[in-house]
Amino acid sequence: MDTISFRIKRQDTPEGGPYWEEFVIPYQKNSNVISCLMDIQKNPVNAKGREVAPVVWESNCLEEVCGTCTMRVNGQVRQACSALIDRLEQPIVVEPMSKFPVVRDLIVDRTRMFDALKQVQAWVPVDGYYDLGPGERISPNHQQIAYKLSECMTCGCCVEACPQYAKDGDFLGPAAVSQVRLFNMHPTGKNIAEERIDVLTQKGGITSCGNAQNCVEVCPKGIPLTESIAEMGRQVSQRFWKTLFRAA
């Protein structure tokens, strides 16, 4: 294999229409999609031999930690930095995620995901920075679960694969639901657990999940998203009955 063929879905402006462009670049063993995009950027000449505007995308850590290089590669949403060329069929088809507004080419606006984290208050509230003394003792099992949930990088893979998550929808998405579970487990974060659960009872909350389970299949960090959704469904039910009997 002397060359690699790419078919990239491009868009010049947020308001512009999408179009496809093909590129052929020299093959280099052990390359990933990001390194190939860099080669195209250095010499932006398409397969027809015409010089074009460089393809743009987002990336940072290049080791599947930051989550910024999420895109669709050969129809599957994934991290471009871990998509190895030697394991992909050609032509390699690269597209931006479809559930977010396109900014340009492969860059999308994931603001909605971060807004969802704000809605569920995915943080630990503090009332000062003075010494509060030793915290609760945390069991190894608790630590193991919480650590795995904390690996979420808000990359967007789970919501891209989710059939209930749409551009014009209001579903918070599996990532936000899982973060509610994480912060409700925290010794201090659990102080506002009921406030987070109340958000999940509203429109776009836990009832918007159709249990397709696509999210857990595509998560690059292997986060047990379906377990989190089930656990939060249980907490929402407990909150509902508790509130109902209290009112009665």
# chains A, B, ... in the order shown; residues from 1 in each chain; ligands from 1
>>> residues_around(residues="range 5-8 of chain A", least_positions_apart="2", cutoff="8 Å", atoms="only C-alpha atoms", output="short mmCIF file (atom, residue, chain, number, x, y, z; two decimals) with N, CA and C atoms, in the first residue's frame")
data_model
loop_
_atom_site.label_atom_id
_atom_site.label_comp_id
_atom_site.auth_asym_id
_atom_site.auth_seq_id
_atom_site.Cartn_x
_atom_site.Cartn_y
_atom_site.Cartn_z
N THR A 3 -0.31 4.46 -0.97
CA THR A 3 -1.07 5.67 -0.68
C THR A 3 -2.30 5.35 0.17
N ARG A 10 -16.96 18.06 4.26
CA ARG A 10 -16.51 19.38 4.63
C ARG A 10 -17.66 20.38 4.67
N TRP A 20 -18.45 16.87 -0.18
CA TRP A 20 -17.41 15.86 -0.02
C TRP A 20 -16.17 16.22 -0.82
N GLU A 21 -15.01 15.91 -0.24
CA GLU A 21 -13.76 16.14 -0.95
C GLU A 21 -12.83 14.96 -0.70
N GLU A 22 -12.13 14.54 -1.75
CA GLU A 22 -11.25 13.39 -1.64
C GLU A 22 -9.78 13.79 -1.68
N PHE A 23 -8.98 13.06 -0.93
CA PHE A 23 -7.55 13.31 -0.85
C PHE A 23 -6.80 11.98 -0.93
N VAL A 24 -5.62 12.02 -1.50
CA VAL A 24 -4.75 10.85 -1.55
C VAL A 24 -3.39 11.28 -1.02
N ILE A 25 -2.91 10.60 0.03
CA ILE A 25 -1.64 10.97 0.65
C ILE A 25 -0.74 9.74 0.73
N GLN A 90 -10.33 1.29 3.08
CA GLN A 90 -10.24 2.48 2.24
C GLN A 90 -11.31 2.46 1.16
N PRO A 91 -11.76 3.64 0.70
CA PRO A 91 -11.32 4.94 1.19
C PRO A 91 -11.83 5.19 2.61
N ILE A 92 -11.02 5.88 3.39
CA ILE A 92 -11.40 6.20 4.76
C ILE A 92 -12.34 7.40 4.73
N VAL A 93 -13.57 7.19 5.19
CA VAL A 93 -14.59 8.23 5.15
C VAL A 93 -14.64 8.92 6.51
N VAL A 94 -14.41 10.22 6.50
CA VAL A 94 -14.36 10.99 7.75
C VAL A 94 -15.44 12.06 7.72
N GLU A 95 -16.25 12.12 8.77
CA GLU A 95 -17.34 13.08 8.86
C GLU A 95 -17.39 13.71 10.26
#
>>> select_by_dssp(residues="range 41-228 of chain A", states="alpha helix (DSSP H)", output="NGL selection string")
:A and (41-42 or 111-119 or 140-150 or 157-161 or 174-185 or 193-201 or 214-218 or 225-228)
>>> residues_around(residues="range 162-171 of chain A", least_positions_apart="2", cutoff="9 Å", atoms="only C-alpha atoms", output="mmCIF file with N, CA and C atoms, in the first residue's frame")
data_model
loop_
_atom_site.group_PDB
_atom_site.id
_atom_site.type_symbol
_atom_site.label_atom_id
_atom_site.label_comp_id
_atom_site.auth_asym_id
_atom_site.auth_seq_id
_atom_site.Cartn_x
_atom_site.Cartn_y
_atom_site.Cartn_z
ATOM 1 N N SER A 98 -22.961 14.224 13.827
ATOM 2 C CA SER A 98 -24.209 14.717 13.244
ATOM 3 C C SER A 98 -25.172 15.316 14.254
ATOM 4 N N LYS A 99 -24.905 15.134 15.548
ATOM 5 C CA LYS A 99 -25.846 15.597 16.571
ATOM 6 C C LYS A 99 -25.538 17.000 17.093
ATOM 7 N N PHE A 100 -24.501 17.634 16.528
ATOM 8 C CA PHE A 100 -24.111 18.969 16.974
ATOM 9 C C PHE A 100 -23.970 19.901 15.771
ATOM 10 N N PRO A 101 -24.135 21.205 15.983
ATOM 11 C CA PRO A 101 -23.941 22.159 14.879
ATOM 12 C C PRO A 101 -22.492 22.134 14.399
ATOM 13 N N ALA A 116 -25.640 20.700 29.668
ATOM 14 C CA ALA A 116 -26.298 19.614 30.400
ATOM 15 C C ALA A 116 -25.598 19.360 31.733
ATOM 16 N N CYS A 157 -19.254 10.831 22.002
ATOM 17 C CA CYS A 157 -19.501 9.551 21.329
ATOM 18 C C CYS A 157 -20.857 8.967 21.735
ATOM 19 N N CYS A 158 -21.161 8.996 23.030
ATOM 20 C CA CYS A 158 -22.388 8.359 23.519
ATOM 21 C C CYS A 158 -23.633 9.026 22.961
ATOM 22 N N VAL A 159 -23.631 10.355 22.896
ATOM 23 C CA VAL A 159 -24.829 11.048 22.402
ATOM 24 C C VAL A 159 -24.945 10.967 20.884
ATOM 25 N N GLU A 160 -23.803 10.855 20.192
ATOM 26 C CA GLU A 160 -23.843 10.686 18.747
ATOM 27 C C GLU A 160 -24.497 9.351 18.389
ATOM 28 N N GLY A 173 -28.835 13.374 27.776
ATOM 29 C CA GLY A 173 -27.830 12.446 27.259
ATOM 30 C C GLY A 173 -27.238 11.555 28.337
ATOM 31 N N PRO A 174 -26.705 10.406 27.950
ATOM 32 C CA PRO A 174 -26.155 9.444 28.916
ATOM 33 C C PRO A 174 -24.956 9.964 29.708
ATOM 34 N N LYS A 203 -38.496 17.218 31.960
ATOM 35 C CA LYS A 203 -38.449 16.938 30.527
ATOM 36 C C LYS A 203 -36.986 16.871 30.066
ATOM 37 N N GLY A 204 -36.661 15.847 29.287
ATOM 38 C CA GLY A 204 -35.293 15.656 28.830
ATOM 39 C C GLY A 204 -34.452 14.864 29.799
ATOM 40 N N GLY A 205 -35.074 14.407 30.884
ATOM 41 C CA GLY A 205 -34.347 13.652 31.891
ATOM 42 C C GLY A 205 -34.320 12.160 31.620
ATOM 43 N N ILE A 206 -34.395 11.380 32.690
ATOM 44 C CA ILE A 206 -34.199 9.938 32.597
ATOM 45 C C ILE A 206 -35.263 9.254 31.748
ATOM 46 N N THR A 207 -36.484 9.804 31.721
ATOM 47 C CA THR A 207 -37.555 9.157 30.956
ATOM 48 C C THR A 207 -37.364 9.301 29.449
ATOM 49 N N SER A 208 -36.467 10.173 29.026
ATOM 50 C CA SER A 208 -36.194 10.339 27.591
ATOM 51 C C SER A 208 -35.287 9.241 27.053
ATOM 52 N N CYS A 209 -34.691 8.461 27.943
ATOM 53 C CA CYS A 209 -33.819 7.365 27.515
ATOM 54 C C CYS A 209 -34.653 6.204 27.016
ATOM 55 N N GLY A 210 -34.352 5.714 25.820
ATOM 56 C CA GLY A 210 -35.079 4.588 25.242
ATOM 57 C C GLY A 210 -34.408 3.252 25.475
ATOM 58 N N ALA A 212 -31.630 2.046 24.350
ATOM 59 C CA ALA A 212 -31.055 1.429 23.152
ATOM 60 C C ALA A 212 -29.704 0.791 23.446
ATOM 61 N N GLN A 213 -28.999 1.334 24.437
ATOM 62 C CA GLN A 213 -27.702 0.832 24.891
ATOM 63 C C GLN A 213 -26.582 1.012 23.861
ATOM 64 N N ASN A 214 -26.805 1.872 22.877
ATOM 65 C CA ASN A 214 -25.734 2.196 21.927
ATOM 66 C C ASN A 214 -24.591 2.923 22.622
ATOM 67 N N CYS A 215 -24.942 3.724 23.625
ATOM 68 C CA CYS A 215 -23.956 4.580 24.290
ATOM 69 C C CYS A 215 -22.804 3.786 24.876
#
>>> residues_around(residues="Gly222 in chain A", least_positions_apart="3", cutoff="12 Å", atoms="only C-alpha atoms", output="PDB file with C-alpha atoms, in the first residue's frame")
ATOM      1  CA  GLU A  64      -7.638   9.423  23.965  1.00  0.00           C
ATOM      2  CA  ILE A 145     -16.915   2.648  40.506  1.00  0.00           C
ATOM      3  CA  TYR A 147     -12.980   6.349  39.300  1.00  0.00           C
ATOM      4  CA  LYS A 148     -14.414   4.708  36.196  1.00  0.00           C
ATOM      5  CA  LEU A 149     -17.256   7.241  36.031  1.00  0.00           C
ATOM      6  CA  SER A 150     -14.772  10.101  36.454  1.00  0.00           C
ATOM      7  CA  GLU A 151     -13.006   9.112  33.223  1.00  0.00           C
ATOM      8  CA  CYS A 152     -15.777  10.698  31.144  1.00  0.00           C
ATOM      9  CA  MET A 153     -14.218  13.322  28.834  1.00  0.00           C
ATOM     10  CA  CYS A 157     -19.501   9.551  21.329  1.00  0.00           C
ATOM     11  CA  CYS A 158     -22.388   8.359  23.519  1.00  0.00           C
ATOM     12  CA  CYS A 215     -23.956   4.580  24.290  1.00  0.00           C
ATOM     13  CA  VAL A 216     -22.088   1.931  26.231  1.00  0.00           C
ATOM     14  CA  GLU A 217     -21.005   0.221  23.006  1.00  0.00           C
ATOM     15  CA  VAL A 218     -19.204   3.294  21.627  1.00  0.00           C
ATOM     16  CA  CYS A 219     -17.796   4.863  24.817  1.00  0.00           C
ATOM     17  CA  LEU A 225     -23.299   4.097  31.054  1.00  0.00           C
ATOM     18  CA  THR A 226     -26.244   1.706  31.045  1.00  0.00           C
ATOM     19  CA  GLU A 227     -25.515   0.802  34.668  1.00  0.00           C
TER      20      GLU A 227
END
>>> residues_around(residues="Arg72 in chain A", least_positions_apart="3", cutoff="7 Å", atoms="only C-alpha atoms", output="ChimeraX atom specification")
/A:75-78,94-97
>>> write_last_selection(atoms="C-alpha atoms", output="PDB file, in the first residue's frame")
ATOM      1  CA  GLY A  75     -19.493   5.429   9.759  1.00  0.00           C
ATOM      2  CA  GLN A  76     -18.496   4.826  13.387  1.00  0.00           C
ATOM      3  CA  VAL A  77     -18.150   7.587  15.952  1.00  0.00           C
ATOM      4  CA  ARG A  78     -14.773   7.393  17.686  1.00  0.00           C
ATOM      5  CA  VAL A  94     -14.362  10.992   7.752  1.00  0.00           C
ATOM      6  CA  GLU A  95     -17.342  13.083   8.862  1.00  0.00           C
ATOM      7  CA  PRO A  96     -18.167  15.464  11.716  1.00  0.00           C
ATOM      8  CA  MET A  97     -20.610  14.311  14.380  1.00  0.00           C
TER       9      MET A  97
END
>>> residues_around(residues="Ser228 in chain A", least_positions_apart="2", cutoff="8 Å", atoms="only C-alpha atoms", output="MDAnalysis selection string")
chainID A and resid 177:178 181 224:226 230:232
>>> write_last_selection(atoms="N, CA and C atoms", output="mmCIF file, in the first residue's frame")
data_model
loop_
_atom_site.group_PDB
_atom_site.id
_atom_site.type_symbol
_atom_site.label_atom_id
_atom_site.label_comp_id
_atom_site.auth_asym_id
_atom_site.auth_seq_id
_atom_site.Cartn_x
_atom_site.Cartn_y
_atom_site.Cartn_z
ATOM 1 N N VAL A 177 -26.271 12.014 32.637
ATOM 2 C CA VAL A 177 -26.924 11.125 33.607
ATOM 3 C C VAL A 177 -25.879 10.385 34.432
ATOM 4 N N SER A 178 -24.832 9.914 33.782
ATOM 5 C CA SER A 178 -23.771 9.190 34.482
ATOM 6 C C SER A 178 -23.018 10.104 35.448
ATOM 7 N N ARG A 181 -24.784 10.350 38.716
ATOM 8 C CA ARG A 181 -24.447 9.209 39.570
ATOM 9 C C ARG A 181 -23.110 9.424 40.257
ATOM 10 N N PRO A 224 -19.498 2.354 32.265
ATOM 11 C CA PRO A 224 -20.746 1.577 32.312
ATOM 12 C C PRO A 224 -21.974 2.493 32.294
ATOM 13 N N LEU A 225 -22.229 3.102 31.161
ATOM 14 C CA LEU A 225 -23.299 4.097 31.054
ATOM 15 C C LEU A 225 -24.678 3.508 31.306
ATOM 16 N N THR A 226 -24.931 2.303 30.826
ATOM 17 C CA THR A 226 -26.244 1.706 31.045
ATOM 18 C C THR A 226 -26.466 1.380 32.521
ATOM 19 N N ALA A 230 -29.500 2.935 34.758
ATOM 20 C CA ALA A 230 -30.353 2.093 35.594
ATOM 21 C C ALA A 230 -30.331 2.566 37.045
ATOM 22 N N GLU A 231 -29.137 2.898 37.542
ATOM 23 C CA GLU A 231 -29.011 3.363 38.929
ATOM 24 C C GLU A 231 -29.750 4.684 39.133
ATOM 25 N N MET A 232 -29.631 5.601 38.164
ATOM 26 C CA MET A 232 -30.324 6.877 38.316
ATOM 27 C C MET A 232 -31.833 6.711 38.165
#
>>> residues_around(residues="Ala193 in chain A", least_positions_apart="4", cutoff="12 Å", atoms="only C-alpha atoms", output="PyMOL selection string")
chain A and resi 120-125+179-189+197-200+232+235-236+239
>>> write_last_selection(atoms="C-alpha atoms", output="PDB file, in the first residue's frame")
ATOM      1  CA  VAL A 120     -27.309  18.622  36.688  1.00  0.00           C
ATOM      2  CA  GLN A 121     -24.729  20.553  38.742  1.00  0.00           C
ATOM      3  CA  ALA A 122     -21.916  18.142  37.914  1.00  0.00           C
ATOM      4  CA  TRP A 123     -19.518  19.526  40.495  1.00  0.00           C
ATOM      5  CA  VAL A 124     -18.811  19.359  44.214  1.00  0.00           C
ATOM      6  CA  PRO A 125     -20.184  22.454  46.016  1.00  0.00           C
ATOM      7  CA  GLN A 179     -22.201  12.298  35.975  1.00  0.00           C
ATOM      8  CA  VAL A 180     -25.210  12.679  38.266  1.00  0.00           C
ATOM      9  CA  ARG A 181     -24.447   9.209  39.570  1.00  0.00           C
ATOM     10  CA  LEU A 182     -20.783  10.131  40.075  1.00  0.00           C
ATOM     11  CA  PHE A 183     -21.411  13.318  42.037  1.00  0.00           C
ATOM     12  CA  ASN A 184     -24.235  11.783  44.058  1.00  0.00           C
ATOM     13  CA  MET A 185     -21.666   9.211  45.214  1.00  0.00           C
ATOM     14  CA  HIS A 186     -19.225  11.897  46.357  1.00  0.00           C
ATOM     15  CA  PRO A 187     -19.063  12.420  50.158  1.00  0.00           C
ATOM     16  CA  THR A 188     -19.656  16.169  49.755  1.00  0.00           C
ATOM     17  CA  GLY A 189     -21.347  16.206  46.373  1.00  0.00           C
ATOM     18  CA  ILE A 197     -32.286  13.940  40.778  1.00  0.00           C
ATOM     19  CA  ASP A 198     -35.048  16.521  40.401  1.00  0.00           C
ATOM     20  CA  VAL A 199     -33.449  17.628  37.125  1.00  0.00           C
ATOM     21  CA  LEU A 200     -33.616  14.051  35.870  1.00  0.00           C
ATOM     22  CA  MET A 232     -30.324   6.877  38.316  1.00  0.00           C
ATOM     23  CA  GLN A 235     -32.896   6.955  42.492  1.00  0.00           C
ATOM     24  CA  VAL A 236     -35.504   8.903  40.537  1.00  0.00           C
ATOM     25  CA  ARG A 239     -37.311  10.293  45.053  1.00  0.00           C
TER      26      ARG A 239
END
>>> atom_distance(atom1="CA of Trp241 in chain A", atom2="CA of Ala176 in chain A")
23.2 Å
>>> select_by_dssp(residues="range 9-234 of chain A", states="strand (DSSP E)", output="list in words")
Lys9, Arg10, Tyr19, Trp20, Glu21, Glu22, Phe23, Val24, Ile25, Pro26, Thr70, Met71, Arg72, Val73, Gln76, Val77, Arg78, Gln79, Ile92, Val93, Val94, Glu95, Val102, Val103, Arg104, Ile107 and Val108 of chain A
>>> closest_residue(among="A:Leu84, A:Cys155, A:Leu172, A:Val102", to="Cys36 in chain A", atoms="only C-alpha atoms")
A:Leu84
>>> atom_distance(atom1="CA of Gln79 in chain A", atom2="CA of Pro220 in chain A")
7.4 Å
